[in-house]
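**Student:** For reference, this is my_file-v5.csv, and it has CSV, C-alpha atoms and all ligand atoms.
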```
chain,number,residue,atom,x,y,z
F,28,MET,CA,-23.3,-6.1,-4.4
F,29,SER,CA,-22.5,-6.5,-8.1
F,30,LYS,CA,-19.9,-9.0,-9.2
F,31,LYS,CA,-17.5,-6.2,-10.1
F,32,GLU,CA,-17.7,-4.7,-6.7
F,33,SER,CA,-17.0,-7.9,-4.9
F,34,LEU,CA,-13.8,-8.7,-6.8
F,35,LYS,CA,-10.9,-9.6,-4.6
F,36,SER,CA,-7.5,-8.5,-5.9
F,37,GLY,CA,-4.0,-7.9,-4.7
F,38,PHE,CA,-0.3,-8.4,-5.0
F,39,VAL,CA,1.4,-11.5,-3.6
F,40,THR,CA,5.1,-12.0,-3.4
F,41,ILE,CA,6.7,-15.4,-3.5
F,42,ILE,CA,9.8,-15.2,-1.4
F,43,GLY,CA,12.3,-17.7,-0.1
F,44,ARG,CA,15.9,-19.0,-0.2
F,45,THR,CA,17.3,-19.8,-3.7
F,46,ASN,CA,16.2,-23.1,-5.2
F,47,VAL,CA,13.2,-23.8,-3.0
F,48,GLY,CA,10.9,-23.9,-6.0
F,49,LYS,CA,9.5,-20.4,-6.2
F,50,SER,CA,9.5,-20.2,-10.0
F,51,SER,CA,8.2,-23.8,-10.2
F,52,LEU,CA,5.3,-22.9,-8.0
F,53,LEU,CA,4.5,-19.9,-10.1
F,54,ASN,CA,4.6,-21.8,-13.3
F,55,LYS,CA,2.4,-24.6,-11.9
F,56,MET,CA,-0.2,-22.2,-10.7
F,57,ALA,CA,-0.1,-20.3,-14.0
F,58,GLY,CA,-0.3,-23.6,-16.0
F,59,LYS,CA,2.3,-22.2,-18.3
F,60,LYS,CA,6.0,-21.2,-18.3
F,61,VAL,CA,6.4,-17.7,-17.1
F,62,SER,CA,9.6,-18.1,-15.2
F,63,ILE,CA,12.6,-20.2,-15.9
F,64,ILE,CA,13.6,-23.1,-13.6
F,65,SER,CA,16.8,-24.9,-12.9
F,66,GLU,CA,18.3,-27.3,-10.4
F,67,LYS,CA,21.1,-24.7,-9.8
F,68,PRO,CA,20.8,-21.9,-7.2
F,69,GLN,CA,20.2,-18.3,-8.2
F,70,THR,CA,18.2,-18.9,-11.4
F,71,THR,CA,15.7,-16.0,-11.2
F,72,ARG,CA,17.3,-12.6,-11.5
F,73,ASN,CA,14.3,-10.3,-11.8
F,74,LYS,CA,11.0,-9.6,-10.1
F,75,ILE,CA,8.5,-11.2,-12.5
F,76,LEU,CA,4.9,-10.4,-12.4
F,77,TYR,CA,2.2,-12.9,-13.2
F,78,VAL,CA,-1.5,-12.2,-13.3
F,79,LEU,CA,-3.9,-15.1,-12.3
F,80,ASN,CA,-7.5,-14.3,-13.1
F,81,ARG,CA,-10.1,-16.4,-11.4
F,82,GLU,CA,-13.8,-16.3,-10.8
F,83,GLY,CA,-14.2,-13.4,-8.4
F,84,SER,CA,-10.5,-12.7,-8.0
F,85,GLN,CA,-7.3,-11.3,-9.6
F,86,VAL,CA,-4.2,-12.5,-7.9
F,87,ILE,CA,-1.0,-10.8,-9.0
F,88,PHE,CA,2.0,-12.9,-8.1
F,89,LEU,CA,5.6,-11.7,-8.0
F,90,ASP,CA,8.3,-14.3,-8.6
F,91,THR,CA,11.5,-13.0,-6.9
F,92,PRO,CA,15.2,-13.9,-6.9
F,93,GLY,CA,16.2,-16.3,-4.2
F,94,VAL,CA,17.6,-14.8,-1.0
F,95,HIS,CA,21.2,-15.9,-0.5
F,96,LYS,CA,24.5,-14.7,0.9
F,97,PRO,CA,25.8,-12.5,-2.0
F,98,ARG,CA,29.3,-12.9,-3.4
F,99,HIS,CA,28.9,-10.2,-6.0
F,100,LYS,CA,27.2,-6.8,-6.5
F,101,LEU,CA,24.7,-8.7,-8.7
F,102,GLY,CA,23.8,-10.9,-5.8
F,103,GLU,CA,23.4,-8.0,-3.4
F,104,GLN,CA,21.1,-6.4,-6.0
F,105,LEU,CA,19.0,-9.5,-6.4
F,106,VAL,CA,18.5,-10.0,-2.7
F,107,GLN,CA,17.4,-6.3,-2.5
F,108,VAL,CA,14.9,-6.8,-5.3
F,109,ALA,CA,13.4,-9.8,-3.5
F,110,LEU,CA,13.2,-8.1,0.0
F,111,GLN,CA,11.8,-4.9,-1.5
F,112,THR,CA,8.7,-6.8,-2.6
F,113,LEU,CA,7.8,-7.5,1.0
F,114,LYS,CA,6.7,-3.8,1.3
F,115,GLU,CA,4.7,-3.8,-2.0
F,116,VAL,CA,2.2,-6.6,-1.4
F,117,ASP,CA,-1.1,-7.5,0.2
F,118,ALA,CA,0.1,-11.0,1.2
F,119,ILE,CA,3.4,-12.9,1.4
F,120,LEU,CA,4.0,-16.5,0.3
F,121,PHE,CA,7.1,-17.6,2.2
F,122,LEU,CA,8.4,-20.8,0.5
F,123,VAL,CA,10.6,-23.4,2.2
F,124,GLU,CA,11.6,-26.9,1.5
F,125,ALA,CA,10.0,-29.9,3.2
F,126,ASP,CA,13.1,-32.0,3.2
F,127,GLN,CA,15.2,-29.6,5.3
F,128,PRO,CA,14.7,-28.1,8.8
F,129,PRO,CA,14.6,-24.2,9.0
F,130,GLY,CA,18.1,-23.0,8.4
F,131,PRO,CA,19.9,-19.6,8.8
F,132,GLY,CA,18.7,-18.4,5.4
F,133,ASP,CA,15.1,-19.1,6.3
F,134,LYS,CA,15.6,-17.4,9.7
F,135,PHE,CA,17.2,-14.3,8.0
F,136,ILE,CA,14.0,-13.9,5.9
F,137,ILE,CA,11.7,-14.5,8.8
F,138,ASN,CA,13.4,-11.7,10.6
F,139,LYS,CA,12.3,-9.3,7.8
F,140,PHE,CA,8.7,-10.2,8.5
F,141,LYS,CA,8.8,-8.9,12.0
F,142,HIS,CA,8.4,-5.2,11.1
F,143,LEU,CA,5.5,-5.9,8.7
F,144,LYS,CA,1.7,-6.2,9.2
F,145,THR,CA,1.2,-8.1,6.0
F,146,PRO,CA,0.0,-11.7,6.4
F,147,VAL,CA,2.7,-14.3,5.8
F,148,LEU,CA,1.5,-17.7,4.5
F,149,LEU,CA,4.2,-20.4,5.0
F,150,VAL,CA,4.3,-22.7,2.0
F,151,ILE,CA,6.2,-25.9,2.6
F,152,ASN,CA,7.1,-27.1,-0.9
F,153,LYS,CA,8.5,-30.4,-2.2
F,154,ILE,CA,6.3,-32.6,0.0
F,155,ASP,CA,6.7,-35.2,-2.6
F,156,LEU,CA,10.2,-35.8,-1.2
F,157,ILE,CA,9.2,-36.6,2.3
F,158,ARG,CA,7.2,-39.1,4.3
F,159,HIS,CA,3.8,-37.8,5.5
F,160,GLU,CA,4.7,-38.3,9.2
F,161,ASP,CA,7.7,-36.1,8.9
F,162,LEU,CA,5.6,-33.1,8.1
F,163,LEU,CA,4.1,-32.4,11.5
F,164,PRO,CA,7.5,-32.0,13.3
F,165,LEU,CA,8.6,-29.6,10.6
F,166,ILE,CA,5.4,-27.5,11.0
F,167,GLU,CA,6.0,-27.4,14.7
F,168,GLN,CA,9.6,-26.1,14.2
F,169,TYR,CA,8.4,-23.3,11.9
F,170,SER,CA,5.5,-22.4,14.1
F,171,LYS,CA,8.0,-21.6,16.9
F,172,LEU,CA,9.8,-19.1,14.6
F,173,TYR,CA,6.9,-16.9,13.6
F,174,SER,CA,3.2,-16.5,13.8
F,175,PHE,CA,2.3,-17.5,10.2
F,176,ALA,CA,-1.2,-16.7,9.1
F,177,GLU,CA,-1.4,-20.2,7.5
F,178,ILE,CA,0.8,-23.1,6.9
F,179,ILE,CA,0.2,-24.9,3.7
F,180,PRO,CA,2.2,-28.0,2.5
F,181,VAL,CA,2.4,-28.3,-1.3
F,182,SER,CA,4.3,-29.8,-4.2
F,183,ALA,CA,5.0,-27.5,-7.1
F,184,LEU,CA,6.2,-30.6,-9.0
F,185,THR,CA,3.1,-32.7,-8.7
F,186,GLY,CA,0.6,-29.9,-8.0
F,187,GLU,CA,-0.5,-31.4,-4.7
F,188,ASN,CA,-2.6,-29.0,-2.6
F,189,LEU,CA,-2.1,-26.0,-5.0
F,190,PRO,CA,-5.8,-25.4,-5.4
F,191,ASN,CA,-6.1,-25.2,-1.7
F,192,LEU,CA,-3.2,-22.7,-1.6
F,193,VAL,CA,-4.8,-20.4,-4.1
F,194,GLU,CA,-8.2,-20.5,-2.4
F,195,THR,CA,-6.7,-19.9,1.0
F,196,LEU,CA,-4.7,-17.0,-0.4
F,197,GLU,CA,-7.7,-15.4,-1.8
F,198,ARG,CA,-9.2,-15.0,1.7
F,199,TYR,CA,-6.3,-12.7,2.6
F,200,LEU,CA,-6.8,-10.4,-0.3
F,201,PRO,CA,-8.8,-7.2,0.0
F,202,LEU,CA,-11.8,-6.2,-2.2
F,203,GLY,CA,-10.2,-4.2,-5.0
F,204,PRO,CA,-10.1,-3.3,-8.6
F,205,LYS,CA,-9.0,-5.4,-11.6
F,206,TYR,CA,-5.4,-4.0,-11.9
F,207,TYR,CA,-4.6,-5.6,-15.2
F,208,PRO,CA,-6.7,-6.6,-18.3
F,209,ASP,CA,-7.8,-10.2,-18.7
F,210,ASP,CA,-5.4,-11.0,-21.5
F,211,MET,CA,-2.3,-9.8,-19.7
F,212,VAL,CA,-0.2,-12.7,-18.3
F,213,THR,CA,3.0,-11.0,-17.4
F,214,ASP,CA,4.6,-7.6,-17.3
F,215,ARG,CA,7.6,-8.9,-19.2
F,216,PRO,CA,7.9,-8.6,-23.0
F,217,GLU,CA,8.5,-11.5,-25.3
F,218,SER,CA,12.1,-10.5,-25.7
F,219,PHE,CA,12.7,-10.9,-21.9
F,220,ILE,CA,11.2,-14.4,-21.9
F,221,MET,CA,13.3,-15.4,-24.9
F,222,ALA,CA,16.5,-14.2,-23.3
F,223,GLU,CA,15.5,-16.1,-20.1
F,224,LEU,CA,14.9,-19.3,-22.1
F,225,ILE,CA,18.4,-19.0,-23.5
F,226,ARG,CA,19.9,-18.5,-20.0
F,227,GLU,CA,17.9,-21.5,-18.8
F,228,LYS,CA,19.5,-23.8,-21.4
F,229,VAL,CA,23.0,-22.4,-20.4
F,230,LEU,CA,22.1,-23.2,-16.7
F,231,HIS,CA,21.2,-26.8,-17.7
F,232,LEU,CA,24.1,-27.4,-20.0
F,233,THR,CA,27.1,-25.9,-18.1
F,234,SER,CA,28.4,-26.2,-14.6
F,235,GLN,CA,30.3,-24.4,-11.8
F,236,GLU,CA,30.7,-20.7,-12.3
F,237,VAL,CA,29.8,-20.6,-16.1
F,238,PRO,CA,26.0,-20.6,-15.7
F,239,HIS,CA,26.2,-17.8,-13.1
F,240,SER,CA,28.5,-15.7,-15.2
F,241,VAL,CA,26.1,-15.5,-18.1
F,242,ALA,CA,23.8,-12.7,-19.1
F,243,VAL,CA,21.7,-12.7,-22.3
F,244,VAL,CA,20.7,-9.8,-24.4
F,245,ILE,CA,18.3,-9.9,-27.4
F,246,GLU,CA,20.0,-7.6,-29.9
F,247,GLU,CA,17.4,-8.0,-32.7
F,248,LEU,CA,13.9,-9.5,-33.0
F,249,VAL,CA,12.3,-9.2,-36.4
F,250,LYS,CA,8.9,-10.6,-37.4
F,251,ARG,CA,9.2,-11.6,-41.0
F,252,PRO,CA,6.1,-11.7,-43.3
F,253,ASN,CA,6.2,-15.6,-43.7
F,254,ASP,CA,5.6,-16.0,-40.0
F,255,VAL,CA,9.2,-16.5,-39.1
F,256,VAL,CA,10.7,-14.6,-36.2
F,257,ALA,CA,14.4,-13.9,-36.5
F,258,VAL,CA,16.2,-13.4,-33.2
F,259,ARG,CA,19.8,-12.4,-32.6
F,260,ALA,CA,21.0,-12.8,-29.1
F,261,ILE,CA,24.3,-12.2,-27.4
F,262,ILE,CA,25.4,-14.4,-24.4
F,263,TYR,CA,27.8,-12.5,-22.2
F,264,THR,CA,30.3,-14.3,-20.0
F,265,GLU,CA,32.9,-12.8,-17.6
F,266,ARG,CA,36.0,-14.5,-19.0
F,267,GLU,CA,37.5,-15.9,-22.2
F,268,SER,CA,37.8,-19.4,-20.5
F,269,GLN,CA,34.0,-19.3,-19.8
F,270,LYS,CA,33.4,-18.3,-23.4
F,271,GLY,CA,35.4,-21.3,-24.6
F,272,ILE,CA,33.4,-23.7,-22.3
F,273,LEU,CA,30.1,-22.2,-23.4
F,274,ILE,CA,31.0,-22.6,-27.1
F,275,GLY,CA,32.3,-26.1,-26.6
F,276,LYS,CA,34.3,-28.4,-28.8
F,277,GLY,CA,33.4,-27.5,-32.4
F,278,GLY,CA,30.7,-25.3,-31.1
F,279,ASN,CA,28.7,-28.3,-29.7
F,280,VAL,CA,27.5,-26.7,-26.4
F,281,LEU,CA,26.4,-23.4,-28.0
F,282,LYS,CA,24.6,-25.4,-30.7
F,283,LYS,CA,22.7,-27.4,-28.1
F,284,VAL,CA,21.8,-24.2,-26.2
F,285,GLY,CA,20.4,-22.7,-29.4
F,286,GLN,CA,18.5,-25.8,-30.4
F,287,LEU,CA,16.7,-26.3,-27.1
F,288,ALA,CA,16.0,-22.5,-26.7
F,289,ARG,CA,14.6,-22.3,-30.2
F,290,GLU,CA,12.2,-25.2,-29.5
F,291,ASP,CA,11.0,-23.5,-26.4
F,292,MET,CA,10.6,-20.2,-28.2
F,293,GLU,CA,8.6,-21.8,-31.0
F,294,ARG,CA,6.3,-23.4,-28.4
F,295,LEU,CA,5.9,-20.0,-26.7
F,296,LEU,CA,5.2,-17.9,-29.8
F,297,GLY,CA,3.7,-20.5,-32.1
F,298,SER,CA,5.9,-19.3,-34.9
F,299,LYS,CA,9.0,-20.6,-36.6
F,300,ILE,CA,12.1,-19.1,-35.0
F,301,PHE,CA,15.4,-18.4,-36.7
F,302,LEU,CA,17.9,-18.0,-33.8
F,303,GLU,CA,21.4,-16.6,-34.1
F,304,LEU,CA,23.6,-16.8,-30.9
F,305,TRP,CA,26.9,-15.0,-30.3
F,306,VAL,CA,29.1,-15.2,-27.2
F,307,LYS,CA,31.0,-12.2,-25.9
F,308,VAL,CA,33.1,-11.4,-22.9
F,309,LYS,CA,32.3,-8.5,-20.4
F,310,PRO,CA,35.1,-8.9,-17.8
F,311,GLY,CA,33.8,-9.1,-14.2
F,312,TRP,CA,30.3,-7.6,-15.1
F,313,ARG,CA,28.7,-9.1,-12.0
F,314,ASN,CA,30.6,-6.6,-9.9
F,315,LYS,CA,29.9,-3.6,-12.0
F,316,GLU,CA,26.9,-1.4,-11.2
F,317,ASP,CA,26.5,0.0,-14.7
F,318,GLN,CA,26.6,-3.5,-16.4
F,319,ILE,CA,24.1,-4.9,-13.9
F,320,TRP,CA,21.9,-2.0,-14.8
F,321,ASN,CA,22.4,-2.4,-18.5
F,322,PHE,CA,21.5,-6.1,-18.3
F,323,GLY,CA,18.2,-5.1,-16.5
F,324,TYR,CA,19.1,-6.6,-13.1
F,325,ARG,CA,18.3,-3.8,-10.9
F,326,ASP,CA,15.8,-2.6,-8.3
F,327,GLU,CA,13.4,-0.3,-10.1
F,328,GLN,CA,12.2,1.3,-6.9
K,401,LIG,N1,10.9,-32.8,-5.9
K,401,LIG,C1,10.5,-31.5,-6.1
K,401,LIG,N2,11.3,-30.7,-6.8
K,401,LIG,C2,10.9,-29.4,-7.0
K,401,LIG,C3,9.6,-29.0,-6.5
K,401,LIG,N3,9.5,-27.6,-6.8
K,401,LIG,C4,10.7,-27.3,-7.5
K,401,LIG,N4,11.5,-28.4,-7.5
K,401,LIG,C5,12.9,-28.4,-8.1
K,401,LIG,O1,13.7,-27.5,-7.4
K,401,LIG,C6,14.7,-26.9,-8.2
K,401,LIG,C7,14.6,-25.4,-8.1
K,401,LIG,O2,13.4,-24.9,-8.7
K,401,LIG,P1,13.2,-23.4,-9.0
K,401,LIG,O3,11.7,-23.2,-9.3
K,401,LIG,O4,14.1,-22.9,-10.1
K,401,LIG,O5,13.6,-22.7,-7.6
K,401,LIG,P2,13.6,-21.1,-7.3
K,401,LIG,O6,13.2,-21.0,-5.8
K,401,LIG,O7,12.8,-20.3,-8.2
K,401,LIG,O8,15.1,-20.8,-7.4
K,401,LIG,P3,15.9,-19.4,-7.6
K,401,LIG,O9,15.2,-18.7,-8.8
K,401,LIG,O10,17.3,-19.7,-7.9
K,401,LIG,O11,15.7,-18.6,-6.3
K,401,LIG,C8,14.4,-27.4,-9.6
K,401,LIG,O12,15.3,-28.5,-9.9
K,401,LIG,C9,12.9,-27.8,-9.6
K,401,LIG,O13,12.6,-28.9,-10.5
K,401,LIG,C10,8.8,-29.9,-5.8
K,401,LIG,O14,7.7,-29.6,-5.4
K,401,LIG,N5,9.3,-31.2,-5.7
K,402,MG,MG,13.3,-18.8,-9.5
```
Rewrite the structure of this file - the entire thing - as structure tokens.
**Tutor:**
Amino acid sequence: MSKKESLKSGFVTIIGRTNVGKSSLLNKMAGKKVSIISEKPQTTRNKILYVLNREGSQVIFLDTPGVHKPRHKLGEQLVQVALQTLKEVDAILFLVEADQPPGPGDKFIINKFKHLKTPVLLVINKIDLIRHEDLLPLIEQYSKLYSFAEIIPVSALTGENLPNLVETLERYLPLGPKYYPDDMVTDRPESFIMAELIREKVLHLTSQEVPHSVAVVIEELVKRPNDVVAVRAIIYTERESQKGILIGKGGNVLKKVGQLAREDMERLLGSKIFLELWVKVKPGWRNKEDQIWNFGYRDEQ
């Protein structure tokens, strides 16, 4: 059999409760920042595709929004996007946290596996937070809940056992075509990643409801001849009070968001960035279907 014919390829969703480290895992496997990460729940709002090309395989990962109990239409939409991926893939990576026993959220997701034939690999993340001897009892607890194809403890933070995860995963992929060209990393354009980087800084620098009320839209992205990229972005919040907090005293919060986002964008593009940020209010947008759609948070199916 020629090398081309023996390629293993397929789609793999990374699913789990919010904040378990799905995007961290993806970025660590990718060796670069594809998805934004934060210590706050509900960071990821889209299905984000990442192509991992290896000798003899092409693994297409889907990072998904965390499954949670929705309090807005946006949340309902995000959970739907995540669960929908279960039906689109060749293998499922179900991510859980090592420092917690299986909870209602985990059991809710496990219930969705019961109607599928797709192999589910349980990935126990954050093993850097626990003692080695606490792992076995946890594995036993999960084994009682579902017949997982594999159970793999990892740390997305330190990278521990990730090579083993990828190699094991490959075994579950069918022989197949190369779906994407070698130079394609993600299905998202630069403008999407830029907007996400801005949102990531807002997540880090604000608290309570403010980070969750934010959507970012890139209004203009112009590549100037002297290798400067001019970007104008609008940060939407739901209320005037949130807008005030986001701008900060004398504009200090917005300035910090801009500075940190610009540094990340420059690293990403390797060009100088001129970043202009504006804050606007879209009252209650997280409960409005049309706005959720306009901001790109929707199920494409
Ligand atoms: N100690 C430790 N922390 C981790 C690990 N993986 C992720 N984290 C942290 O967990 C938090 C959540 O990480 P994310 O990658 O944003 O989690 P997520 O599952 O994508 O979250 P949502 O997008 O909100 O569903 C961040 O503070 C990460 O730094 C790990 O292996 N060990
Ligand atoms: Mg995420």
**Student:** Let me make sure I understand: among F:Leu89, F:Val150, F:Met221, F:Leu113, which one has the smallest atom-to-atom distance to ligand MG 402 (chain K) if we use all atoms listed in the file?
**Tutor:**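 Between F:Leu89, F:Val150, F:Met221, F:Leu113, the residue approaching ligand MG 402 (chain K) most closely is F:Leu89.
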**Student:** Could you list, as a ChimeraX atom specification, all protein and nucleic acid residues with an atom at most 8 Å from ligand MG 402 (chain K), counting only C-alpha atoms and all ligand atoms?
**Tutor:** /F:45-46,48-51,62-65,69-72,90-93
**Student:** So which one's closest to Val86 of chain F, F:Val193, F:Lys139, F:Asp161, F:Arg44? Using all atoms listed in the file, please.
**Tutor:**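 Using all atoms listed in the file, the shortest distance to Val86 of chain F belongs to F:Val193.
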**Student:** When you count all atoms listed in the file, which of these residues is closest to Asp317 of chain F: F:Ile136, F:Ile274, F:Leu76, F:Leu101?
**Tutor:**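 Residue with the minimum atom-to-atom distance to Asp317 of chain F: F:Leu101.
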**Student:** Between F:Asp214, F:Asp126, F:Glu103, F:Glu265, which one has atoms that come closest to Val241 of chain F, using all atoms listed in the file?
**Tutor:**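 Once distances to Val241 of chain F are computed over all atoms listed in the file, the minimum belongs to F:Glu265.
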**Student:** Please report the interatomic distance between atom CA of Thr185 of chain F and atom O4 of ligand LIG 401 (chain K) in Å with one decimal.
**Tutor:** 14.8 Å
